[in-house]
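Shown below: model.cif, with mmCIF, C-alpha atoms.
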```
data_my_file
#
loop_
_atom_site.label_atom_id
_atom_site.label_comp_id
_atom_site.auth_asym_id
_atom_site.auth_seq_id
_atom_site.Cartn_x
_atom_site.Cartn_y
_atom_site.Cartn_z
CA MET A 1 51.10 71.09 -26.51
CA LYS A 2 52.61 68.05 -24.82
CA ASP A 3 53.97 68.28 -21.27
CA ILE A 4 57.74 68.32 -21.08
CA ILE A 5 58.95 65.15 -19.38
CA GLU A 6 61.73 65.85 -16.93
CA ARG A 7 64.95 63.88 -17.35
CA VAL A 8 66.84 63.01 -14.18
CA PHE A 9 70.52 62.16 -13.79
CA ILE A 10 71.60 60.39 -10.59
CA ILE A 11 74.67 61.08 -8.48
CA GLN A 12 75.03 57.89 -6.42
CA PRO A 13 77.40 58.13 -3.44
CA ILE A 14 79.13 54.88 -2.47
CA GLY A 15 79.09 54.87 1.30
CA SER A 16 77.97 51.31 2.03
CA ASP A 17 77.60 47.90 0.36
CA ASN A 18 73.96 48.52 -0.56
CA TYR A 19 74.63 51.43 -2.93
CA ARG A 20 73.51 49.47 -6.02
CA ILE A 21 70.16 48.67 -4.38
CA LEU A 22 69.76 52.35 -3.51
CA GLN A 23 70.54 53.27 -7.13
CA GLU A 24 67.93 50.80 -8.43
CA GLU A 25 65.40 52.28 -6.02
CA ALA A 26 66.27 55.77 -7.24
CA VAL A 27 65.52 54.75 -10.83
CA ALA A 28 62.16 53.32 -9.71
CA LEU A 29 61.43 56.52 -7.77
CA ILE A 30 62.19 58.64 -10.85
CA GLU A 31 59.81 56.55 -12.96
CA SER A 32 57.16 56.72 -10.23
CA ALA A 33 57.43 60.52 -10.40
CA ASN A 34 56.60 60.34 -14.13
CA ALA A 35 60.11 61.42 -15.11
CA VAL A 36 62.78 59.73 -17.22
CA TYR A 37 66.02 58.22 -15.96
CA ALA A 38 68.99 59.79 -17.78
CA GLY A 39 72.00 58.00 -16.28
CA THR A 40 74.11 57.55 -13.15
CA VAL A 41 77.55 58.52 -11.99
CA TYR A 42 79.01 56.81 -8.91
CA GLN A 43 81.28 58.44 -6.34
CA LYS A 44 83.08 56.69 -3.51
CA ILE A 45 82.84 58.83 -0.39
CA ARG A 46 85.98 58.90 1.74
CA GLU A 47 85.39 62.31 3.20
CA ILE A 48 82.28 64.51 2.86
CA ASN A 49 82.92 67.94 1.40
CA PRO A 50 80.97 70.29 3.70
CA SER A 51 80.30 72.65 0.80
CA THR A 52 79.14 70.30 -1.99
CA TYR A 53 79.24 66.79 -0.39
CA ILE A 54 81.36 65.46 -3.29
CA GLY A 55 84.80 66.77 -4.31
CA GLU A 56 85.70 69.35 -6.95
CA GLY A 57 87.27 66.74 -9.25
CA LYS A 58 84.07 64.68 -9.41
CA ILE A 59 81.99 67.81 -9.94
CA ALA A 60 84.17 68.75 -12.91
CA GLU A 61 83.75 65.22 -14.34
CA ILE A 62 79.95 65.36 -13.95
CA ARG A 63 79.82 68.83 -15.50
CA GLU A 64 81.65 67.49 -18.54
CA ILE A 65 79.34 64.45 -18.81
CA LEU A 66 76.28 66.72 -18.70
CA THR A 67 77.49 69.21 -21.29
CA GLY A 68 74.58 70.11 -23.53
CA LEU A 69 72.07 68.04 -21.55
CA ASP A 70 68.95 69.53 -19.95
CA VAL A 71 68.59 67.36 -16.84
CA THR A 72 67.67 67.58 -13.19
CA ILE A 73 70.29 66.21 -10.80
CA LEU A 74 69.17 63.72 -8.18
CA PHE A 75 71.69 63.30 -5.39
CA ASN A 76 70.67 59.90 -4.01
CA GLY A 77 71.18 60.79 -0.38
CA GLU A 78 70.38 63.77 1.81
CA LEU A 79 71.92 67.18 1.20
CA SER A 80 72.01 70.17 3.50
CA PRO A 81 70.44 73.40 2.19
CA SER A 82 73.84 74.95 1.47
CA GLN A 83 75.12 71.81 -0.25
CA THR A 84 72.06 71.82 -2.52
CA LEU A 85 72.66 75.44 -3.53
CA ASN A 86 76.41 75.03 -3.96
CA LEU A 87 76.12 71.84 -5.99
CA SER A 88 73.55 73.48 -8.24
CA ALA A 89 75.83 76.46 -8.81
CA ALA A 90 78.81 74.18 -9.53
CA LEU A 91 76.77 72.27 -12.13
CA ASP A 92 75.93 75.34 -14.19
CA GLY A 93 72.71 76.19 -12.38
CA ARG A 94 70.97 72.87 -13.02
CA LYS A 95 68.22 71.99 -10.57
CA VAL A 96 69.55 69.72 -7.81
CA ILE A 97 67.26 67.67 -5.57
CA ASP A 98 67.99 64.96 -3.04
CA ARG A 99 66.29 61.65 -2.25
CA THR A 100 63.90 63.15 0.33
CA THR A 101 62.73 65.86 -2.09
CA LEU A 102 61.94 63.23 -4.72
CA ILE A 103 60.03 61.02 -2.27
CA LEU A 104 58.03 64.03 -1.08
CA ASP A 105 57.20 64.86 -4.67
CA ILE A 106 55.84 61.35 -5.25
CA PHE A 107 53.84 61.64 -2.03
CA ALA A 108 52.32 64.88 -3.36
CA LEU A 109 51.41 63.09 -6.58
CA ARG A 110 49.83 60.10 -4.82
CA ALA A 111 47.93 61.68 -1.90
CA LYS A 112 44.19 61.67 -2.60
CA SER A 113 42.51 61.97 0.81
CA SER A 114 42.41 65.27 2.70
CA ASP A 115 44.37 63.59 5.51
CA GLY A 116 47.08 62.43 3.11
CA LYS A 117 47.32 65.85 1.48
CA LEU A 118 47.74 67.51 4.87
CA GLN A 119 50.54 65.11 5.75
CA VAL A 120 52.29 65.72 2.44
CA GLU A 121 52.08 69.49 2.81
CA LEU A 122 53.39 69.33 6.38
CA ALA A 123 56.32 67.12 5.39
CA GLN A 124 57.17 69.37 2.44
CA LEU A 125 57.02 72.58 4.47
CA LYS A 126 59.13 71.11 7.27
CA TYR A 127 61.72 70.11 4.72
CA LEU A 128 61.53 73.45 2.93
CA TYR A 129 61.62 75.65 6.03
CA PRO A 130 65.36 75.38 6.86
CA ARG A 131 66.16 75.68 3.15
CA LEU A 132 64.66 79.16 2.79
CA ARG A 133 68.02 80.85 2.41
CA GLY A 134 68.87 83.39 -0.24
CA LYS A 135 66.62 85.16 -2.68
CA GLY A 136 65.40 85.00 -6.24
CA ALA A 137 66.93 82.29 -8.44
CA GLU A 138 68.70 80.61 -5.53
CA LEU A 139 65.40 80.16 -3.74
CA SER A 140 63.45 79.03 -6.79
CA ARG A 141 65.84 76.11 -7.36
CA LEU A 142 64.62 74.62 -4.09
CA GLY A 143 60.96 74.64 -5.05
CA GLY A 144 59.14 71.29 -5.05
CA GLY A 145 60.69 68.23 -6.61
CA ILE A 146 60.37 66.69 -10.06
CA GLY A 147 57.61 68.67 -11.72
CA THR A 148 57.53 71.01 -8.66
CA ARG A 149 54.32 69.57 -7.26
CA GLY A 150 52.70 70.38 -3.95
CA PRO A 151 53.00 73.51 -1.83
CA GLY A 152 56.72 74.03 -2.45
CA GLU A 153 56.43 76.47 -5.34
CA THR A 154 53.52 78.39 -3.81
CA GLN A 155 55.23 78.98 -0.45
CA LEU A 156 58.67 80.00 -1.69
CA GLU A 157 57.88 83.71 -1.87
CA THR A 158 56.41 83.84 1.62
CA ASP A 159 58.41 84.61 4.72
CA ARG A 160 59.56 82.11 7.32
CA ARG A 161 57.02 83.31 9.84
CA HIS A 162 54.12 82.54 7.50
CA ILE A 163 55.47 79.04 6.83
CA ARG A 164 56.01 78.45 10.56
CA SER A 165 52.39 79.49 11.15
CA ARG A 166 51.19 77.10 8.43
CA ILE A 167 53.24 74.25 9.93
CA ASP A 168 51.68 74.88 13.36
CA SER A 169 48.20 74.92 11.81
CA LEU A 170 48.78 71.64 9.94
CA GLU A 171 50.17 69.95 13.05
CA LYS A 172 47.06 71.00 14.99
CA LYS A 173 44.72 69.66 12.28
CA LEU A 174 46.61 66.36 12.08
CA ALA A 175 46.54 66.01 15.89
CA GLU A 176 42.75 66.37 15.77
CA LEU A 177 42.53 63.77 13.00
CA GLU A 178 44.78 61.45 14.99
CA GLN A 179 42.46 61.76 17.99
CA ARG A 180 39.50 60.93 15.76
CA ARG A 181 41.29 57.88 14.30
CA THR A 182 42.13 56.70 17.81
CA MET A 183 38.44 56.90 18.75
CA LEU A 184 37.49 54.94 15.60
CA ALA A 185 40.10 52.29 16.36
CA GLU A 186 38.83 51.97 19.92
CA ARG A 187 35.26 51.66 18.63
CA ARG A 188 36.35 48.88 16.28
CA LYS A 189 37.94 47.08 19.21
CA LYS A 190 34.76 47.55 21.22
CA ASN A 191 32.68 46.22 18.31
CA ASN A 192 35.05 43.25 18.06
CA VAL A 193 36.16 43.99 14.50
CA LEU A 194 39.33 41.97 13.97
CA SER A 195 41.72 43.98 11.80
CA ILE A 196 44.61 42.79 9.65
CA ALA A 197 47.13 45.31 8.29
CA LEU A 198 49.10 44.81 5.09
CA VAL A 199 52.52 46.34 5.66
CA GLY A 200 55.88 46.06 3.98
CA TYR A 201 58.15 47.44 1.33
CA THR A 202 56.60 49.56 -1.39
CA ASN A 203 55.71 47.78 -4.65
CA THR A 204 55.71 44.25 -3.22
CA GLY A 205 52.09 43.55 -4.21
CA LYS A 206 50.15 44.52 -1.08
CA SER A 207 47.26 45.98 -3.09
CA THR A 208 47.20 42.88 -5.31
CA LEU A 209 46.98 40.73 -2.18
CA MET A 210 44.14 42.88 -0.83
CA ASN A 211 42.20 42.36 -4.06
CA ALA A 212 42.90 38.61 -4.00
CA LEU A 213 41.69 38.19 -0.40
CA THR A 214 38.71 40.56 -0.47
CA GLY A 215 37.58 40.63 -4.09
CA ALA A 216 38.01 44.41 -3.99
CA ASP A 217 39.13 46.56 -6.89
CA VAL A 218 41.94 48.54 -5.27
CA LEU A 219 44.38 50.39 -7.55
CA ILE A 220 47.26 48.18 -8.69
CA ARG A 221 50.18 49.98 -10.23
CA ASN A 222 53.79 48.99 -10.80
CA ALA A 223 55.16 52.08 -9.09
CA LEU A 224 56.66 53.01 -5.74
CA PHE A 225 54.20 54.49 -3.22
CA ALA A 226 51.20 53.76 -5.49
CA THR A 227 49.18 53.38 -2.26
CA LEU A 228 49.67 56.37 0.01
CA ASP A 229 46.29 56.67 1.70
CA PRO A 230 45.23 53.60 3.72
CA THR A 231 42.44 51.51 2.17
CA SER A 232 40.14 49.20 4.17
CA ARG A 233 38.03 46.29 2.93
CA ALA A 234 35.95 43.69 4.79
CA PHE A 235 36.39 39.99 4.07
CA GLU A 236 35.78 36.62 5.74
CA ILE A 237 37.72 33.45 6.39
CA GLU A 238 35.58 30.45 7.37
CA ASP A 239 32.67 32.79 8.18
CA VAL A 240 34.82 34.91 10.50
CA PRO A 241 34.73 38.60 9.48
CA PHE A 242 37.94 40.63 9.27
CA LEU A 243 38.88 44.12 8.20
CA LEU A 244 41.92 44.23 5.88
CA VAL A 245 43.84 47.52 5.71
CA ASP A 246 46.42 48.36 3.02
CA THR A 247 49.05 50.91 4.10
CA VAL A 248 51.79 53.04 2.54
CA GLY A 249 54.92 51.06 1.75
CA PHE A 250 58.39 51.41 3.21
CA LEU A 251 61.68 52.03 1.47
CA GLN A 252 65.30 51.52 2.39
CA ASP A 253 66.79 54.64 4.02
CA LEU A 254 63.39 56.33 4.14
CA PRO A 255 64.26 59.45 6.13
CA HIS A 256 63.14 59.26 9.75
CA HIS A 257 61.26 62.57 9.63
CA LEU A 258 59.17 61.22 6.72
CA ILE A 259 58.22 58.15 8.73
CA LYS A 260 57.22 60.43 11.59
CA ALA A 261 55.23 62.69 9.24
CA PHE A 262 53.26 59.69 7.95
CA LYS A 263 52.77 58.02 11.30
CA SER A 264 49.03 58.69 11.12
CA THR A 265 48.83 56.82 7.79
CA LEU A 266 50.62 53.88 9.40
CA GLU A 267 48.59 53.88 12.61
CA SER A 268 46.32 51.16 11.20
CA ALA A 269 49.34 48.84 11.49
CA LEU A 270 49.89 49.85 15.12
CA TRP A 271 46.25 49.24 16.03
CA CYS A 272 45.84 45.98 14.13
CA ASP A 273 45.23 42.52 15.61
CA LEU A 274 47.58 40.96 13.05
CA ALA A 275 50.04 42.35 10.50
CA LEU A 276 50.94 40.67 7.22
CA ILE A 277 54.46 41.80 6.34
CA VAL A 278 54.60 41.44 2.57
CA CYS A 279 58.01 40.95 0.90
CA ASN A 280 59.00 40.32 -2.70
CA GLY A 281 59.75 36.59 -2.67
CA ALA A 282 61.64 36.97 -5.94
CA GLY A 283 63.63 40.00 -4.78
CA ASN A 284 65.68 41.20 -1.84
CA TYR A 285 63.18 39.87 0.70
CA GLU A 286 65.56 39.79 3.67
CA LEU A 287 66.34 43.51 3.33
CA GLU A 288 62.65 44.32 2.86
CA LYS A 289 61.67 42.28 5.92
CA GLN A 290 64.28 43.89 8.18
CA THR A 291 63.52 47.42 6.90
CA THR A 292 59.81 46.95 7.62
CA LEU A 293 60.29 45.43 11.08
CA GLN A 294 62.80 48.09 12.13
CA THR A 295 60.46 50.87 10.97
CA LEU A 296 57.43 49.37 12.73
CA ARG A 297 59.29 48.71 15.97
CA GLY A 298 60.59 52.26 15.91
CA MET A 299 56.94 53.36 15.95
CA GLY A 300 56.05 51.14 18.91
CA PHE A 301 54.55 48.22 16.94
CA SER A 302 53.90 45.14 19.10
CA ALA A 303 51.14 43.16 17.34
CA PRO A 304 51.63 39.57 16.11
CA TYR A 305 52.68 39.30 12.47
CA LEU A 306 53.13 36.85 9.61
CA ILE A 307 55.80 37.11 6.92
CA VAL A 308 54.34 36.75 3.42
CA TYR A 309 56.68 36.10 0.49
CA ASN A 310 54.71 37.34 -2.51
CA GLN A 311 55.48 37.10 -6.26
CA CYS A 312 56.81 33.56 -5.83
CA ASP A 313 55.53 32.71 -9.32
CA LYS A 314 58.72 34.45 -10.50
CA ARG A 315 60.92 31.94 -8.67
CA THR A 316 62.02 28.59 -10.06
CA GLU A 317 62.61 27.13 -6.58
CA LEU A 318 60.71 27.76 -3.32
CA ALA A 319 62.68 25.42 -1.07
CA ASP A 320 65.43 27.96 -0.45
CA LEU A 321 63.03 30.59 0.87
CA PRO A 322 63.16 31.11 4.67
CA HIS A 323 60.75 28.92 6.60
CA ASP A 324 59.52 31.82 8.73
CA GLY A 325 56.74 32.77 6.31
CA ILE A 326 54.20 31.75 3.68
CA ALA A 327 55.10 31.70 -0.03
CA ILE A 328 52.31 33.01 -2.26
CA SER A 329 51.52 34.63 -5.58
CA ALA A 330 48.67 37.07 -5.03
CA LYS A 331 48.46 37.68 -8.78
CA TYR A 332 47.76 34.01 -9.58
CA GLY A 333 46.12 32.96 -6.29
CA ILE A 334 48.91 30.54 -5.38
CA GLY A 335 49.28 29.80 -1.66
CA LEU A 336 46.29 31.91 -0.56
CA ASP A 337 44.54 28.94 1.09
CA SER A 338 47.68 28.32 3.16
CA LEU A 339 47.77 32.01 4.09
CA ARG A 340 44.12 31.98 5.16
CA ALA A 341 44.71 28.84 7.25
CA LYS A 342 47.72 30.45 8.93
CA ILE A 343 45.73 33.60 9.70
CA MET A 344 43.05 31.48 11.37
CA GLU A 345 45.70 29.57 13.31
CA VAL A 346 47.19 32.78 14.68
CA MET A 347 43.80 34.35 15.44
CA GLN A 348 42.01 31.26 16.79
CA ASP A 349 42.39 32.25 20.43
CA ARG A 350 40.58 35.55 19.77
CA PHE A 351 37.13 34.04 19.19
CA ILE A 352 34.91 30.95 19.55
CA ARG A 353 32.59 29.74 16.80
CA CYS A 354 29.54 28.19 18.42
CA THR A 355 25.76 27.72 18.44
CA LEU A 356 23.82 29.38 21.22
CA SER A 357 20.39 28.21 22.41
CA VAL A 358 18.43 31.01 24.07
CA PRO A 359 15.07 30.16 25.71
CA TYR A 360 12.35 32.78 25.31
CA LYS A 361 12.39 33.49 29.04
CA LYS A 362 16.11 34.39 28.77
CA PHE A 363 15.70 36.92 25.92
CA SER A 364 15.98 39.93 28.20
CA GLU A 365 19.11 38.54 29.84
CA PHE A 366 20.60 37.64 26.43
CA SER A 367 20.12 41.22 25.18
CA THR A 368 23.17 42.23 27.25
CA LEU A 369 25.40 39.75 25.42
CA ARG A 370 23.92 40.10 21.94
CA PRO A 371 25.67 43.38 20.93
CA LEU A 372 29.02 41.85 21.92
CA ILE A 373 28.92 38.86 19.58
CA MET A 374 28.86 38.45 15.79
CA GLU A 375 25.69 36.65 14.69
CA ARG A 376 25.97 34.56 11.54
CA SER A 377 22.37 33.23 11.54
CA CYS A 378 19.36 33.08 13.82
CA THR A 379 16.61 30.41 13.81
CA TYR A 380 13.46 30.48 15.98
CA THR A 381 12.20 27.23 17.51
CA GLU A 382 9.38 26.29 19.87
CA GLU A 383 11.68 26.73 22.89
CA GLY A 384 13.44 29.93 21.82
CA MET A 385 16.09 30.75 19.24
CA GLU A 386 19.30 29.18 18.05
CA VAL A 387 22.07 31.56 17.08
CA ARG A 388 25.15 30.61 15.07
CA ALA A 389 27.67 33.08 16.37
CA ILE A 390 31.27 34.07 16.68
CA VAL A 391 31.96 35.01 20.28
CA PRO A 392 35.07 37.00 21.20
CA SER A 393 37.08 35.06 23.76
CA ILE A 394 36.75 37.83 26.32
CA TYR A 395 32.96 37.22 26.37
CA ALA A 396 33.13 33.41 26.27
CA GLN A 397 32.25 33.09 29.98
CA MET A 398 29.11 35.20 29.52
CA ALA A 399 28.05 33.06 26.53
CA LYS A 400 28.91 29.69 28.06
CA LYS A 401 25.45 29.15 29.60
CA TYR A 402 23.85 29.34 26.13
CA MET A 403 26.36 27.20 24.20
CA ILE A 404 25.12 23.89 22.80
CA SER A 405 28.02 23.33 20.37
#
```

Translate the structure of the given file into C-alpha cells.
Amino acid sequence: MKDIIERVFIIQPIGSDNYRILQEEAVALIESANAVYAGTVYQKIREINPSTYIGEGKIAEIREILTGLDVTILFNGELSPSQTLNLSAALDGRKVIDRTTLILDIFALRAKSSDGKLQVELAQLKYLYPRLRGKGAELSRLGGGIGTRGPGETQLETDRRHIRSRIDSLEKKLAELEQRRTMLAERRKKNNVLSIALVGYTNTGKSTLMNALTGADVLIRNALFATLDPTSRAFEIEDVPFLLVDTVGFLQDLPHHLIKAFKSTLESALWCDLALIVCNGAGNYELEKQTTLQTLRGMGFSAPYLIVYNQCDKRTELADLPHDGIAISAKYGIGLDSLRAKIMEVMQDRFIRCTLSVPYKKFSEFSTLRPLIMERSCTYTEEGMEVRAIVPSIYAQMAKKYMIS
C-alpha cells in the first residue's frame, strides 16, 4: 500500500513587499517536507482578526475554493494557538498549520545526529506546550506538522507538567552538549586548527561547495534544510590545513525561537576563524546576504567573513554582481581558485610558512615548540633536522631562532 502524499494549500498574508518571496519559500518548504503544493490564496492584511487572523469574508471564499478537496492548510505566517483552532473549525475541520510548524516538521525529517534530534524535540515541545488547549479532536489537530513527524503526536495525550519536565530535561542535556562542544572548540584553537564555516541561506549550494573544496561526499539535495546537522571535513590550501564546517541554512522570517533552539548547531560559525557566507548568485542574493548577517550578528558573531556568490553558471552576466564577494560555481568548479586565493589572503596573518633548522643539541629545547606548530615534512642532516612547517603567528617569536627561510 502506497503512502498517502499530503496536499497543502497556502494562505499567504500580504503584509509586506516580500510576500511573493515568502510564498515561493513556502512552496519549497512543502516540497522539502515530501508533500505536494495544492495552490495559494492571497489576503491583504489591513487589520488582524484576533480570532482567525483573516476576516470572515476571506474564510468563506477559501472554504468555497476548497470544497471537495482533501488538503492541509498552511498559513504562511505565525498563528496563535486559538487562531489555529478557530481557523481549522471555520474551514470545516481541515488541519491548519503555520510556517513554524512546517519548518519544525522538516527539521524532524532531516535531523540525524542525537544532538540534532534533541534540538528538534525541544523546539517542537516548546512550540506545542502553549498550544495544549482543549481536548480530543481539537488537540489532535495540533499534532506535528505535515505527516505528523517527531514527538508532537506522541506527547499530545500527556499533561502539561510531563511536557514541562521533558523540556527541562532536554535543556539540561543540550547545555551539557554545549559545554562539551565549547571544550572541543577550545582544543581546536589550542591545536591551531584553522576553521572555516559555510553559512548562509538554505539551498544555496553550501554542501556542493564543501564537496568541491574538500573532495568529500556530503549529501547534496535540492531541498530546504537538507543539511541540519553540521558536517566537518579537513582540506588544504597551499599546504595549509583547514577544517571546513557546513551548517544549517537560514531562511527569511525564520522565527527567532527556532534560531535560538538551533544555536548549538550554528556554534561552529561563532567559533570559526573565517566564515564563507554563501548566497545564490542567480537569485535574491542581497536578501540572502542580509538575512544571514542579521541572524549571525544576533547570535554574537564577530569573525571575519567572505561573501560567496554561488551558482553563477546560471547567470549570463557577472559584471552586475556586487564587488564585495567572489563569484563561483561550486557545481562546475568555476572561480574556486579565486576563492582559495582570497581565503589565503584573509588568513595570511594567522600563520607563517617556513623552514626550521634545529641542531641536535637544541632538540630538547625544540620539543617545547614542536607540539605548537604544524609539520609538513622533516629531514635529518649531519647537523640536525630541517622541518618544513606552518607556524601560528602567536608562536612566531619562539620559532624565529630556528628559521632559515

Using the chain letters and numbers from the file, give me the residues hit by the PyMOL selection byres ((chain A and resi 77) around 7), as a list in words.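 That selection, the PyMOL selection byres ((chain A and resi 77) around 7), comes back as Phe75, Asn76, Glu78, Leu79, Asp98 and Arg99 of chain A.
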
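Shortest atom-to-atom contact with Asn18 in chain A among A:Gln311, A:Ser357, A:Asn284, A:Thr208: A:Asn284, counting only C-alpha atoms.
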
Report the residues retrieved by the PyMOL selection byres ((chain A and resi 340-345) around 9) from the displayed file, expressed as JSON, numbers by chain. {"A": [213, 237, 238, 240, 274, 306, 326, 335, 336, 337, 338, 339, 346, 347, 348, 349]}

Between A:Ala330, A:Leu296, A:Asp324, A:Gln124, which has the minimum distance to Gly215 in chain A (counting only C-alpha atoms)?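 Looking at the shortest contact to Gly215 in chain A, the residue is A:Ala330.
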
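Near Ile45 in chain A, within 12 Å and counting all atoms listed in the file, sit A:Ile11, A:Gln12, A:Pro13, A:Ile14, A:Gly15, A:Ser16, A:Tyr19, A:Tyr53, A:Ile54, A:Gly55, A:Lys58, A:Gly77, not including residues fewer than 5 positions from it in the same chain.
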
Distance of CA of Lys126 in chain A from CA of Ser114 in chain A, expressed in Å to one decimal place: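 It comes out at 18.3 Å.
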
I'd like the residues picked by the PyMOL selection byres ((chain A and resi 386-399) around 8) written out as a compact mmCIF listing (two decimals) with C-alpha atoms, in the frame of the given file, using the chain letters and numbers from the file.
```txt
# COMPACT_ATOMS: atom_id res chain seq x y z
CA ASN A 192 35.05 43.25 18.06
CA VAL A 240 34.82 34.91 10.50
CA ASP A 349 42.39 32.25 20.43
CA ARG A 350 40.58 35.55 19.77
CA PHE A 351 37.13 34.04 19.19
CA ILE A 352 34.91 30.95 19.55
CA ARG A 353 32.59 29.74 16.80
CA CYS A 354 29.54 28.19 18.42
CA THR A 355 25.76 27.72 18.44
CA LEU A 356 23.82 29.38 21.22
CA SER A 357 20.39 28.21 22.41
CA VAL A 358 18.43 31.01 24.07
CA LEU A 369 25.40 39.75 25.42
CA LEU A 372 29.02 41.85 21.92
CA ILE A 373 28.92 38.86 19.58
CA MET A 374 28.86 38.45 15.79
CA GLU A 375 25.69 36.65 14.69
CA ARG A 376 25.97 34.56 11.54
CA SER A 377 22.37 33.23 11.54
CA CYS A 378 19.36 33.08 13.82
CA THR A 379 16.61 30.41 13.81
CA TYR A 380 13.46 30.48 15.98
CA THR A 381 12.20 27.23 17.51
CA GLY A 384 13.44 29.93 21.82
CA MET A 385 16.09 30.75 19.24
CA LYS A 400 28.91 29.69 28.06
CA LYS A 401 25.45 29.15 29.60
CA TYR A 402 23.85 29.34 26.13
CA MET A 403 26.36 27.20 24.20
```

Neighbouring residues of Leu122 in chain A were defined as those with any atom within 9 Å, considering only C-alpha atoms; residues of the same chain fewer than 5 positions away were excluded. Please report them as a PyMOL selection string. chain A and resi 117+127+166-167+170-171+261
